[in-house]
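S.K.: So here's my_file_4.txt (compact mmCIF, C-alpha atoms).
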```
# COMPACT_ATOMS: atom_id res chain seq x y z
CA MET A 247 143.50 80.27 35.07
CA VAL A 248 142.01 82.36 37.82
CA HIS A 249 138.32 83.05 38.01
CA GLY A 250 136.50 85.12 40.60
CA HIS A 251 133.38 83.01 40.28
CA GLY A 252 134.70 79.57 39.53
CA PRO A 253 137.84 77.44 39.12
CA SER A 254 141.13 79.20 38.69
CA GLY A 255 144.56 78.23 37.50
CA VAL A 256 148.08 79.46 37.02
CA ARG A 257 150.82 78.54 34.60
CA SER A 258 154.27 79.64 33.54
CA ALA A 259 156.06 79.53 30.21
CA ALA A 260 159.56 80.47 29.14
CA ARG A 261 160.12 82.75 26.17
CA SER A 262 163.46 83.02 24.44
CA GLY A 263 165.08 86.43 24.23
CA SER A 264 166.41 87.58 20.87
CA SER A 265 170.02 88.62 20.34
CA ARG A 266 168.97 92.24 20.78
CA ALA A 267 167.32 91.53 24.12
CA GLY A 268 170.33 89.53 25.20
CA THR A 269 172.66 92.52 24.94
CA VAL A 270 170.90 94.73 27.44
CA GLY A 271 173.63 94.22 30.00
CA ALA A 272 176.27 95.72 27.73
CA SER A 273 175.15 99.31 28.16
CA GLU A 274 172.86 100.28 31.00
CA GLY A 275 172.26 103.93 30.10
CA LYS A 276 169.27 105.54 31.75
CA ARG A 277 166.95 102.98 33.27
CA ARG A 278 163.49 103.21 34.78
CA PRO A 279 163.43 102.83 38.56
CA ASP A 280 161.06 99.85 38.27
CA GLU A 281 163.32 98.02 35.81
CA PRO A 282 164.96 94.94 37.44
CA ASP A 283 168.73 94.65 37.30
CA ASP A 284 168.57 91.40 35.33
CA HIS A 285 165.88 92.74 32.95
CA ALA A 286 163.94 89.49 33.61
CA LEU A 287 166.48 87.54 31.56
CA GLY A 288 168.09 84.37 32.88
CA ARG A 289 169.86 81.20 31.84
CA SER A 290 167.79 78.04 31.59
CA ARG A 291 167.88 74.88 29.49
CA GLY A 292 166.51 76.90 26.59
CA GLY A 293 169.33 79.44 26.79
CA LEU A 294 168.67 83.09 27.60
CA THR A 295 164.96 83.23 28.44
CA THR A 296 162.20 85.13 30.19
CA LYS A 297 159.43 83.23 31.98
CA ILE A 298 155.82 84.41 31.87
CA HIS A 299 153.64 83.55 34.86
CA LEU A 300 149.94 83.84 34.03
CA ALA A 301 146.63 83.64 35.85
CA CYS A 302 143.43 83.65 33.80
CA ASP A 303 139.70 83.26 34.35
CA GLY A 304 137.49 80.33 33.39
CA LYS A 305 137.16 81.64 29.84
CA GLY A 306 140.90 81.93 29.25
CA ARG A 307 141.13 85.70 29.71
CA PRO A 308 144.27 86.97 31.48
CA PHE A 309 143.77 88.23 35.04
CA ALA A 310 147.37 88.71 36.22
CA LEU A 311 150.83 88.57 34.66
CA LEU A 312 154.33 88.35 36.05
CA ILE A 313 157.64 87.99 34.24
CA THR A 314 160.85 86.62 35.75
CA PRO A 315 164.20 85.24 34.55
CA GLY A 316 163.80 81.86 32.85
CA GLN A 317 165.42 79.85 35.63
CA ARG A 318 162.97 81.02 38.32
CA HIS A 319 160.83 78.17 39.68
CA ASP A 320 157.08 78.47 39.17
CA SER A 321 156.00 77.83 42.76
CA THR A 322 158.13 80.66 44.16
CA CYS A 323 156.16 83.20 42.10
CA ALA A 324 152.64 81.88 42.64
CA GLN A 325 151.84 84.03 45.67
CA THR A 326 153.08 87.22 44.01
CA LEU A 327 151.05 86.39 40.91
CA LEU A 328 147.85 85.75 42.86
CA ASP A 329 148.34 88.94 44.87
CA ARG A 330 148.18 90.89 41.60
CA ILE A 331 144.60 89.86 40.91
CA GLY A 332 142.06 92.62 41.30
CA VAL A 333 138.57 92.37 39.80
CA PRO A 334 136.53 95.61 40.00
CA ARG A 335 133.04 95.26 41.42
CA THR A 336 129.99 96.47 39.53
CA GLY A 337 128.90 98.40 42.63
CA PRO A 338 130.77 100.10 45.47
CA GLY A 339 133.51 98.27 47.30
CA ARG A 340 137.10 97.22 46.91
CA PRO A 341 138.21 95.05 43.97
CA ARG A 342 137.81 91.33 44.50
CA ARG A 343 141.22 89.74 45.04
CA ARG A 344 140.35 86.21 46.14
CA PRO A 345 139.37 83.63 43.52
CA ASP A 346 137.13 80.72 44.45
CA ARG A 347 139.58 78.06 43.28
CA VAL A 348 143.09 77.75 41.88
CA ILE A 349 143.90 75.02 39.35
CA ALA A 350 147.59 74.47 38.65
CA ASP A 351 149.98 71.69 37.60
CA LYS A 352 152.53 69.76 39.67
CA ALA A 353 155.09 72.56 39.47
CA TYR A 354 152.96 74.46 42.00
CA SER A 355 152.64 71.55 44.43
CA SER A 356 154.41 72.97 47.47
CA ARG A 357 153.51 73.00 51.14
CA GLY A 358 154.02 76.77 51.28
CA LEU A 359 151.55 77.52 48.47
CA ARG A 360 148.92 75.13 49.81
CA SER A 361 149.22 76.77 53.24
CA TYR A 362 148.94 80.24 51.68
CA LEU A 363 145.77 79.28 49.78
CA ARG A 364 144.26 77.63 52.86
CA LYS A 365 144.83 80.76 54.97
CA ARG A 366 143.09 82.88 52.33
CA GLY A 367 140.17 80.48 52.07
CA ILE A 368 140.92 79.58 48.43
CA ALA A 369 140.22 76.02 47.28
CA CYS A 370 142.87 74.44 45.07
CA THR A 371 143.19 71.55 42.63
CA ILE A 372 146.90 70.79 42.34
CA PRO A 373 148.26 67.26 41.76
CA GLU A 374 150.84 66.00 44.22
CA LYS A 375 154.39 65.37 42.97
CA ASN A 376 155.61 61.76 42.88
CA ASP A 377 158.45 62.40 45.34
CA GLN A 378 156.00 64.06 47.74
CA GLN A 379 153.75 61.01 47.54
CA ARG A 380 156.67 58.66 48.29
CA HIS A 381 157.81 60.80 51.20
CA ARG A 382 154.31 60.81 52.69
CA HIS A 383 153.95 57.03 52.27
CA ASN A 384 157.35 56.40 53.85
CA ARG A 385 156.30 58.30 56.95
CA GLY A 386 153.27 56.08 57.43
CA ARG A 387 150.61 57.56 59.70
CA ARG A 388 152.80 60.58 60.37
CA GLY A 389 152.69 61.41 56.69
CA GLY A 390 149.12 62.61 57.01
CA ARG A 391 146.36 62.49 54.45
CA PRO A 392 146.98 63.26 50.77
CA PRO A 393 145.72 66.66 49.58
CA ALA A 394 142.29 66.59 47.99
CA PHE A 395 142.43 66.27 44.21
CA ASP A 396 139.52 66.20 41.74
CA ARG A 397 140.55 64.89 38.32
CA HIS A 398 137.34 66.17 36.72
CA VAL A 399 138.03 69.73 37.90
CA TYR A 400 141.70 69.45 36.90
CA ARG A 401 140.70 68.89 33.26
CA ARG A 402 139.69 72.53 33.11
CA ARG A 403 143.33 73.57 33.46
CA ASN A 404 143.58 73.37 29.66
CA VAL A 405 141.94 76.82 29.63
CA VAL A 406 145.19 78.47 30.72
CA GLU A 407 147.07 76.50 28.05
CA ARG A 408 144.73 77.90 25.42
CA CYS A 409 145.29 81.38 26.82
CA PHE A 410 149.04 80.99 26.30
CA THR A 411 148.41 79.77 22.77
CA GLN A 412 146.48 82.95 22.01
CA LEU A 413 149.22 85.12 23.50
CA LYS A 414 151.82 83.32 21.37
CA GLY A 415 149.86 84.48 18.34
CA PHE A 416 151.55 87.84 18.89
CA ARG A 417 155.07 87.64 17.50
CA GLY A 418 156.54 90.02 20.06
CA ILE A 419 155.23 87.79 22.85
CA ALA A 420 156.27 84.42 21.44
CA THR A 421 159.84 85.71 21.00
CA ARG A 422 161.03 88.56 23.16
CA TYR A 423 162.43 91.49 21.18
CA ASP A 424 162.19 94.13 23.91
CA LYS A 425 165.38 95.16 25.67
CA THR A 426 163.75 95.96 29.00
CA ALA A 427 161.45 93.92 31.20
CA THR A 428 159.07 96.87 31.58
CA SER A 429 158.60 97.14 27.80
CA TYR A 430 158.00 93.40 27.45
CA GLU A 431 155.51 93.39 30.33
CA ALA A 432 153.72 96.36 28.74
CA ALA A 433 153.45 94.39 25.48
CA LEU A 434 152.01 91.46 27.43
CA SER A 435 149.44 93.75 29.06
CA LEU A 436 148.43 95.16 25.67
CA ALA A 437 148.08 91.67 24.19
CA SER A 438 145.95 90.67 27.20
CA LEU A 439 143.66 93.65 26.65
CA LEU A 440 143.21 92.61 23.03
CA LEU A 441 142.24 89.11 24.13
CA TRP A 442 139.66 90.60 26.49
CA ALA A 443 138.31 92.81 23.71
CA ARG A 444 137.93 89.81 21.40
CA SER A 445 136.12 87.80 24.05
CA LEU A 446 133.69 90.61 24.81
CA GLU A 447 132.68 90.76 21.16
CA ASP A 448 131.19 87.29 21.69
CA GLY A 449 129.52 88.32 24.97
CA PRO A 450 130.76 88.59 28.59
```
Spit out the file's structure as structure tokens when you get a sec.
M.R.:
Amino acid sequence: MVHGHGPSGVRSAARSGSSRAGTVGASEGKRRPDEPDDHALGRSRGGLTTKIHLACDGKGRPFALLITPGQRHDSTCAQTLLDRIGVPRTGPGRPRRRPDRVIADKAYSSRGLRSYLRKRGIACTIPEKNDQQRHRHNRGRRGGRPPAFDRHVYRRRNVVERCFTQLKGFRGIATRYDKTATSYEAALSLASLLLWARSLEDGP
């Protein structure tokens, strides 16, 4: 989830492509210039899948979306996902693009991402991977200090899980039926707008 005025988190999930979506490579035809060559379809343990990378606010409302082939690792897409965030201001000024904090799981525990967040002045709550802990311990003093981690704050990461659960309530999101990545991403954007509309009915 990503929140401009509080904790933020990111998550990814793989969605299986249907047989219709899996045949897009058979006939290219006319294709939009922004359509990727692989149509955001890739081979993973689940078969032919598309992975959804999501950032949401503290109330589980989507802030930024990114789709990639299913085999793409989460941490390699985190920076691109966070760069897509843009929250309009109530008054004059550019949209706010820097959340206060990012909360993410171990898949996002990389030195590159932590360095990126530190340079942008964004606090993060990301647990360290077991192999990273062993490597740091083996180096002794040269291993440096462990990254700060607040278990109480990390519990709020369940908000992004609930956001995915709501998105999966839309059949076309839970299982990809769209041939092109642009169509599937448009469906995701529409579903996100509906989630925002529902939340605003209960108050901002």
S.K.: A:Val405, A:Ala432, A:Leu440, A:Leu294: which is nearest Gly306 of chain A, counting all atoms listed in the file?
M.R.: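 Smallest distance to Gly306 of chain A is found for A:Val405.
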S.K.: Excluding Tyr354 of chain A and residues on its chain fewer than 5 positions from it, collect all residues at most 8 Å away from it, counting all atoms listed in the file, and give them as a list of chain:residue names.
M.R.: A:Asp320, A:Ser321, A:Ala324, A:Leu359, A:Ile372
S.K.: If you take every atom of segment 349-367 of chain A that the file lists and fit an axis-aligned box around them with 4 Å extra on each side, what centre and edge lengths come out in Å to one decimal, as AutoDock Vina command-line options?
M.R.:
```
--center_x 147.6 --center_y 76.3 --center_z 46.3 --size_x 22.9 --size_y 21.1 --size_z 25.4
```
S.K.: What would the list of residues within 10 Å of (155.1, 92.3, 25.3) (file frame) look like as an NGL selection string, if all atoms listed in the file are what count?
M.R.: :A and (413 or 416-424 or 427-438)
S.K.: Arg360 of chain A: which residues within 12 Å, counting all atoms listed in the file, same-chain residues fewer than 5 positions away excluded, as number ranges by chain?
M.R.: A: 321, 324-325, 347-350, 354-355, 365-374, 393-394
S.K.: Name all residues at most 12 Å from Arg380 of chain A (count all atoms listed in the file; drop same-chain ones fewer than 6 positions away) and give them as a compact mmCIF listing (two decimals) with C-alpha atoms, keeping the file's coordinate frame.
M.R.:
```txt
# COMPACT_ATOMS: atom_id res chain seq x y z
CA GLU A 374 150.84 66.00 44.22
CA GLY A 386 153.27 56.08 57.43
CA GLY A 389 152.69 61.41 56.69
CA PRO A 392 146.98 63.26 50.77
```
S.K.: Figure out the distance between atom CA of Phe395 of chain A and atom CA of Ala353 of chain A, please, to one decimal in Å.
M.R.: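 That distance, rounded to one decimal, is 14.9 Å.
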S.K.: Of the candidates A:Arg391, A:Trp442, A:Thr426, A:Lys352, which shows the shortest atom-to-atom distance to Lys375 of chain A, using all atoms listed in the file?
M.R.: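 Under the stated criterion, the closest residue is A:Lys352.
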S.K.: For Thr314 of chain A, which residue out of A:Pro279, A:Gly288, A:Gly415, A:Pro345 is the nearest one, using all atoms listed in the file?
M.R.: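 Residue with the minimum atom-to-atom distance to Thr314 of chain A: A:Gly288.
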S.K.: For Gly390 of chain A, find every residue with an atom within 12 Å (counting only C-alpha atoms), except residues of its own chain fewer than 6 positions away, and show them as a ChimeraX atom specification.
M.R.: /A:378-379,381-384
S.K.: Figure out the distance between atom CA of Ala301 of chain A and atom CA of Arg278 of chain A, please, to one decimal in Å.
M.R.: 25.9 Å
S.K.: How many Å separate atom CA of Thr411 of chain A from atom CA of Asp283 of chain A?
M.R.: 29.1 Å
S.K.: Residues near Gln317 of chain A, anyone? I mean within 8 Å using only C-alpha atoms, not counting same-chain ones fewer than 5 positions away, as an MDAnalysis selection string.
M.R.: chainID A and resid 288:290 295 297
S.K.: Between A:Leu328, A:Ala310, A:Cys323, A:Leu446, single out the one closest to Leu363 of chain A, counting all atoms listed in the file.
M.R.: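 So, comparing all the options, the nearest one is A:Leu328.
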